[in-house]
Structure formats: C-alpha cells, structure tokens
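This is my_file30.tsv. It holds TSV, C-alpha atoms.
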```tsv
chain	number	residue	atom	x	y	z
C	14	MET	CA	18.49	12.64	-9.52
C	15	SER	CA	17.18	11.41	-12.87
C	16	ILE	CA	20.19	11.47	-15.19
C	17	HIS	CA	20.46	11.65	-18.99
C	18	ILE	CA	23.82	10.54	-20.39
C	19	LYS	CA	25.04	11.36	-23.91
C	20	ASN	CA	27.48	8.47	-24.41
C	21	PRO	CA	26.23	5.83	-24.32
C	22	ARG	CA	22.86	7.54	-24.80
C	23	SER	CA	20.90	6.44	-21.77
C	24	THR	CA	18.62	7.74	-19.06
C	25	TYR	CA	18.27	6.67	-15.46
C	26	MET	CA	14.89	7.44	-13.89
C	27	HIS	CA	15.33	8.06	-10.17
C	28	VAL	CA	12.30	6.64	-8.38
C	29	PRO	CA	12.20	8.05	-4.82
C	30	LYS	CA	13.31	5.64	-2.04
C	31	THR	CA	14.78	2.99	-4.35
C	32	GLY	CA	18.50	3.53	-3.86
C	33	GLY	CA	18.68	6.49	-6.20
C	34	GLU	CA	21.32	8.42	-4.27
C	35	SER	CA	23.64	5.43	-4.57
C	36	VAL	CA	22.92	4.95	-8.27
C	37	SER	CA	23.35	8.65	-9.03
C	38	GLU	CA	26.71	8.74	-7.27
C	39	TRP	CA	27.82	5.67	-9.24
C	40	LEU	CA	26.63	7.14	-12.56
C	41	ARG	CA	28.08	10.65	-12.39
C	42	PRO	CA	31.78	9.67	-12.76
C	43	THR	CA	30.81	7.09	-15.39
C	44	ALA	CA	29.36	9.81	-17.55
C	45	GLY	CA	32.09	12.34	-16.87
C	46	HIS	CA	30.91	15.74	-18.04
C	47	ALA	CA	28.51	14.24	-20.58
C	48	TRP	CA	25.44	14.06	-18.36
C	49	LYS	CA	22.56	16.29	-17.47
C	50	GLY	CA	20.50	16.04	-14.34
C	51	ASN	CA	16.92	17.12	-14.31
C	52	GLN	CA	14.88	17.80	-11.21
C	53	LYS	CA	15.75	15.23	-8.58
C	54	HIS	CA	12.82	12.90	-9.28
C	55	ALA	CA	11.82	13.65	-12.87
C	56	THR	CA	9.29	11.19	-14.29
C	57	PHE	CA	9.76	9.41	-17.60
C	58	GLN	CA	7.50	11.91	-19.35
C	59	GLN	CA	9.31	14.91	-17.84
C	60	MET	CA	12.67	13.53	-19.00
C	61	LYS	CA	11.27	12.79	-22.47
C	62	SER	CA	9.97	16.37	-22.70
C	63	SER	CA	13.37	17.73	-21.67
C	64	TYR	CA	15.67	15.53	-23.77
C	65	GLY	CA	13.62	13.89	-26.52
C	66	ASN	CA	15.56	10.73	-27.36
C	67	LEU	CA	16.35	9.14	-24.02
C	68	GLY	CA	18.29	6.19	-25.43
C	69	PHE	CA	18.43	3.15	-23.17
C	70	THR	CA	16.10	3.84	-20.25
C	71	TRP	CA	16.16	2.18	-16.87
C	72	ALA	CA	14.88	2.52	-13.34
C	73	VAL	CA	14.80	0.75	-9.99
C	74	VAL	CA	11.47	-0.06	-8.32
C	75	ARG	CA	10.71	-1.22	-4.79
C	76	ASN	CA	7.97	-3.06	-2.97
C	77	PRO	CA	5.43	-0.25	-2.31
C	78	TRP	CA	4.84	-1.25	1.33
C	79	ASP	CA	8.59	-1.26	2.00
C	80	ARG	CA	9.09	1.95	0.04
C	81	LEU	CA	6.55	3.74	2.21
C	82	VAL	CA	8.21	2.55	5.43
C	83	SER	CA	11.51	3.87	4.09
C	84	GLY	CA	9.80	7.15	3.19
C	85	TYR	CA	8.37	7.40	6.69
C	86	HIS	CA	11.83	6.99	8.24
C	87	TYR	CA	13.30	9.52	5.82
C	88	TYR	CA	10.52	11.97	6.75
C	89	HIS	CA	11.29	11.44	10.43
C	90	ARG	CA	15.02	12.06	9.97
C	91	LYS	CA	14.45	15.22	7.96
C	92	ASN	CA	11.76	16.65	10.23
C	93	ALA	CA	12.85	15.54	13.72
C	94	ARG	CA	12.48	19.00	15.32
C	95	ILE	CA	8.95	19.52	13.97
C	96	LEU	CA	7.89	16.00	14.95
C	97	ARG	CA	8.81	16.55	18.61
C	98	LYS	CA	5.98	19.08	18.97
C	99	LYS	CA	3.05	17.67	20.94
C	100	ASN	CA	0.39	18.72	18.44
C	101	ASN	CA	2.02	17.10	15.44
C	102	PRO	CA	-0.41	14.61	13.84
C	103	ILE	CA	2.39	12.34	12.60
C	104	ARG	CA	3.49	10.63	15.79
C	105	ASP	CA	4.06	7.16	14.34
C	106	PHE	CA	3.75	5.11	11.16
C	107	GLU	CA	0.01	4.62	11.63
C	108	HIS	CA	-0.56	8.38	11.71
C	109	PHE	CA	1.77	8.85	8.75
C	110	LEU	CA	-0.42	6.45	6.75
C	111	GLN	CA	-3.62	8.14	7.88
C	112	THR	CA	-2.55	11.51	6.52
C	113	GLU	CA	-2.19	10.06	2.99
C	114	ASN	CA	0.10	13.01	2.36
C	115	TRP	CA	3.44	11.27	2.13
C	116	GLY	CA	5.41	14.01	0.44
C	117	LYS	CA	5.27	15.23	-3.14
C	118	THR	CA	7.63	12.68	-4.69
C	119	LEU	CA	6.53	9.67	-2.65
C	120	MET	CA	2.93	10.26	-3.73
C	121	ILE	CA	3.90	9.69	-7.38
C	122	PRO	CA	3.42	6.03	-8.33
C	123	GLN	CA	6.56	4.25	-9.52
C	124	TRP	CA	5.10	3.39	-12.92
C	125	LYS	CA	5.27	7.11	-13.81
C	126	PHE	CA	9.06	6.80	-13.62
C	127	ALA	CA	9.16	3.33	-15.21
C	128	PRO	CA	6.27	3.05	-17.70
C	129	PRO	CA	6.02	0.05	-20.06
C	130	GLN	CA	8.41	1.64	-22.60
C	131	THR	CA	11.25	1.60	-20.05
C	132	ASP	CA	13.99	-0.69	-21.38
C	133	LEU	CA	15.08	-2.18	-18.05
C	134	VAL	CA	13.45	-2.20	-14.63
C	135	LEU	CA	15.59	-3.40	-11.72
C	136	ARG	CA	14.21	-4.39	-8.34
C	137	PHE	CA	15.52	-2.81	-5.16
C	138	GLU	CA	15.11	-6.16	-3.39
C	139	THR	CA	17.62	-7.82	-5.75
C	140	MET	CA	19.69	-4.75	-6.60
C	141	HIS	CA	23.09	-6.34	-6.07
C	142	GLU	CA	22.37	-9.07	-8.62
C	143	ASP	CA	20.32	-6.90	-11.01
C	144	PHE	CA	22.85	-4.07	-11.06
C	145	LYS	CA	25.35	-6.28	-12.92
C	146	GLN	CA	23.30	-5.57	-16.07
C	147	ILE	CA	23.93	-1.84	-15.61
C	148	GLN	CA	27.63	-2.39	-14.89
C	149	ASP	CA	27.87	-4.38	-18.13
C	150	PHE	CA	25.96	-1.76	-20.12
C	151	TYR	CA	28.27	1.04	-18.97
C	152	LYS	CA	31.35	-1.24	-19.05
C	153	LYS	CA	32.15	-0.31	-15.47
C	154	GLN	CA	32.51	-2.97	-12.80
C	155	GLN	CA	32.93	-0.63	-9.83
C	156	GLY	CA	30.58	-1.58	-7.02
C	157	LEU	CA	27.50	0.39	-6.10
C	158	PRO	CA	27.94	2.59	-2.99
C	159	HIS	CA	25.23	2.52	-0.32
C	160	LYS	CA	24.02	6.06	0.37
C	161	ASN	CA	21.07	7.48	2.30
C	162	ARG	CA	20.21	4.16	3.92
C	163	SER	CA	17.39	4.01	6.43
C	164	HIS	CA	17.57	1.47	9.23
C	165	HIS	CA	14.30	-0.15	10.15
C	166	LYS	CA	12.61	-3.46	10.80
C	167	HIS	CA	11.07	-5.56	8.03
C	168	TYR	CA	8.29	-3.52	6.50
C	169	SER	CA	5.57	-6.04	7.46
C	170	GLU	CA	6.13	-5.25	11.14
C	171	TYR	CA	4.83	-1.70	10.61
C	172	TYR	CA	1.50	-2.76	9.13
C	173	THR	CA	-0.31	-3.91	12.26
C	174	GLU	CA	-3.85	-3.74	10.87
C	175	GLN	CA	-5.41	-4.70	7.54
C	176	TRP	CA	-6.56	-1.15	6.74
C	177	MET	CA	-2.91	-0.09	6.71
C	178	ILE	CA	-2.04	-2.66	4.05
C	179	ASP	CA	-5.14	-1.64	2.10
C	180	VAL	CA	-4.25	2.09	2.07
C	181	VAL	CA	-0.98	1.32	0.29
C	182	GLU	CA	-2.66	-1.13	-2.07
C	183	LYS	CA	-5.28	1.48	-2.96
C	184	HIS	CA	-2.74	4.22	-3.66
C	185	TYR	CA	-0.08	2.10	-5.38
C	186	GLY	CA	-2.34	-0.54	-6.95
C	187	GLU	CA	-0.93	-0.01	-10.44
C	188	ASP	CA	2.65	-0.39	-9.15
C	189	ILE	CA	1.72	-3.60	-7.35
C	190	LYS	CA	0.15	-5.01	-10.50
C	191	ARG	CA	2.77	-3.84	-13.06
C	192	PHE	CA	5.80	-4.81	-11.01
C	193	ASP	CA	4.27	-7.96	-9.50
C	194	TYR	CA	4.59	-7.06	-5.83
C	195	GLU	CA	2.67	-8.46	-2.90
C	196	PHE	CA	2.58	-7.88	0.81
C	197	THR	CA	4.56	-10.60	2.58
C	198	TYR	CA	5.22	-11.20	6.23
C	199	LYS	CA	8.75	-11.75	7.48
```

Would you encode the structure as structure tokens?
Amino acid sequence: MSIHIKNPRSTYMHVPKTGGESVSEWLRPTAGHAWKGNQKHATFQQMKSSYGNLGFTWAVVRNPWDRLVSGYHYYHRKNARILRKKNNPIRDFEHFLQTENWGKTLMIPQWKFAPPQTDLVLRFETMHEDFKQIQDFYKKQQGLPHKNRSHHKHYSEYYTEQWMIDVVEKHYGEDIKRFDYEFTYK
C-alpha cells in the first residue's frame, strides 16, 4: 500500500513486487494513526493528486526481469485452481511472458511510482543495507519483516531464450535505463 504519513511528512510509493508488504507493515506502527493509505499501488502522480504536498518521497525498485519472475510466482499462487485447467494458456513462465498481460499493477513501469522527483529510491537487491536510510529518517531501528516472499530460482534461469529477455526489455526499457539495471546470469 502506498502510504502518506503526516509526521514526519513523507510518502512511501509501493511499487508492486518490491517488498512492499514488508515495508507497509513496518511503516504502519511507525506512523501510528497519522497515516493514510491510498489504493494499494498508487503511483506518484495519484498520490500527489490525493495529498498535494507529499513531503519526503521514497520507493523501492527491483530488477525488471526478477520482478516479473516474482510476479509470475505470485500469479501462480493466487490462481492455482484456474491454472490447473487444461485449456489455460499460462502453463509456464514462457506462456506468461507471451501473454504480455501480467496483471494491472505489474504492467505499470516502476518509474511511474518513482519518477525523477522522488527523494530516495532504494533497490530491492540491496534492501537490507539501503533500508538503514529509512530507519534513520523515521528514527526507528526495528528490523524490516519479510512478508509475501516468493521462493524461486535466480531469475536468469527462467529466461531460456533471447526473445524472453527482449520482451521485458521492450516493456520496461525506461525502468532499465533510469534505474541502471541489466540482465545478468547467475
């Protein structure tokens, strides 16, 4: 959930599949009753329209290829009964990629949640080190819980053909450029 906090005035932009459930759980008690949640994955612009002055803004981003693998596993967990049907077109990760319909929130590029005016952008890959900046900002040293974790192999093992890598690069090209990500093999 994207969260706007009154004191200290700040806004967390929840980018889907970047540890947002963990961050939201950590933030809620920090803010006490002085927070407002918008729709679960409100973009920067949606939060700005709702609250005006967002104060200190921050978000967590993730390697787009890894984020999509995580999204695929989340989709499978949530839709297990439907996926068991023989005529379902999403039998595996390759078919998931081919649909290019990865769910409403996963289709939104990360830069829409963390545009250039965002004060701080953390990386999912280095969250434990990066999150110290947030703990210092909120003057709260409690550790970050780990919620909604998906268990899967290194993302590169899912991309067995070049076209698969290219589909993600085509859709999330701006994220890859802005946040300096690249596809790497394990």

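In terms of minimum interatomic distance to Phe144 (chain C), C:Leu157 ranks closest within C:Pro42, C:Glu107, C:Leu157, C:Thr24, counting only C-alpha atoms.
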
- Point (11.0, 9.6, 5.0) neighbourhood (12 Å, only C-alpha atoms) written as a PyMOL selection string: chain C and resi 29-30+79-93+103+105-106+109-110+114-120+161-165

- Task: Provide the CA of Glu182 (chain C) to CA of Lys125 (chain C) distance in Å, to one decimal place.
- Result: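 Here the two named atoms are 16.4 Å from each other.
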
- Item | Best match for closeness to Ile147 (chain C) among C:Ile178, C:Ala55, C:Val74, C:Leu40, counting all atoms listed in the file |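 Under the stated criterion, the closest residue is C:Leu40.
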
- Task: Choose the residue, out of C:Met14, C:Leu135, C:Val28, C:Met177, that has the smallest atom-to-atom separation from Ile121 (chain C); count all atoms listed in the file.
- Result: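 Nearest candidate to Ile121 (chain C) out of C:Met14, C:Leu135, C:Val28, C:Met177: C:Val28.
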
- Item | Nearest to Leu67 (chain C), chosen from C:Gln123, C:Gln130, C:Ser23, C:Gln111, with all atoms listed in the file counted in the distances | C:Ser23

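Note that CA of Ala127 (chain C) and CA of Val181 (chain C) are 18.6 Å apart.
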
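Across C:Tyr198, C:His184, C:Thr56, C:Phe137, the tightest approach to Glu170 (chain C) is made by C:Tyr198 when counting all atoms listed in the file.
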
- Message: Report, in Å to a single decimal, how far apart CA of Asp188 (chain C) and CA of Ser63 (chain C) are.
- Response: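 For CA of Ser63 (chain C) relative to CA of Asp188 (chain C), the distance reads 24.5 Å.
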
Draw an axis-aligned box over all listed atoms of region 178-197 of chain C, pad each side with 4 Å, and write its centre and edge lengths in Å, one decimal, as AutoDock Vina command-line options.
```
--center_x 0.3 --center_y -3.2 --center_z -4.5 --size_x 19.1 --size_y 22.8 --size_z 25.1
```

- Using only C-alpha atoms, which of the listed residues (C:Arg75, C:Tyr151, C:Pro122, C:Glu187) sits closest to Tyr168 (chain C)? C:Arg75

- Task: In the coordinates of the file, take the point (19.1, 4.4, -24.2) and a cut-off of 8 Å; then, counting only C-alpha atoms, name each qualifying protein, DNA or RNA residue as number ranges by chain.
- Result: C: 21-24, 66-70, 132
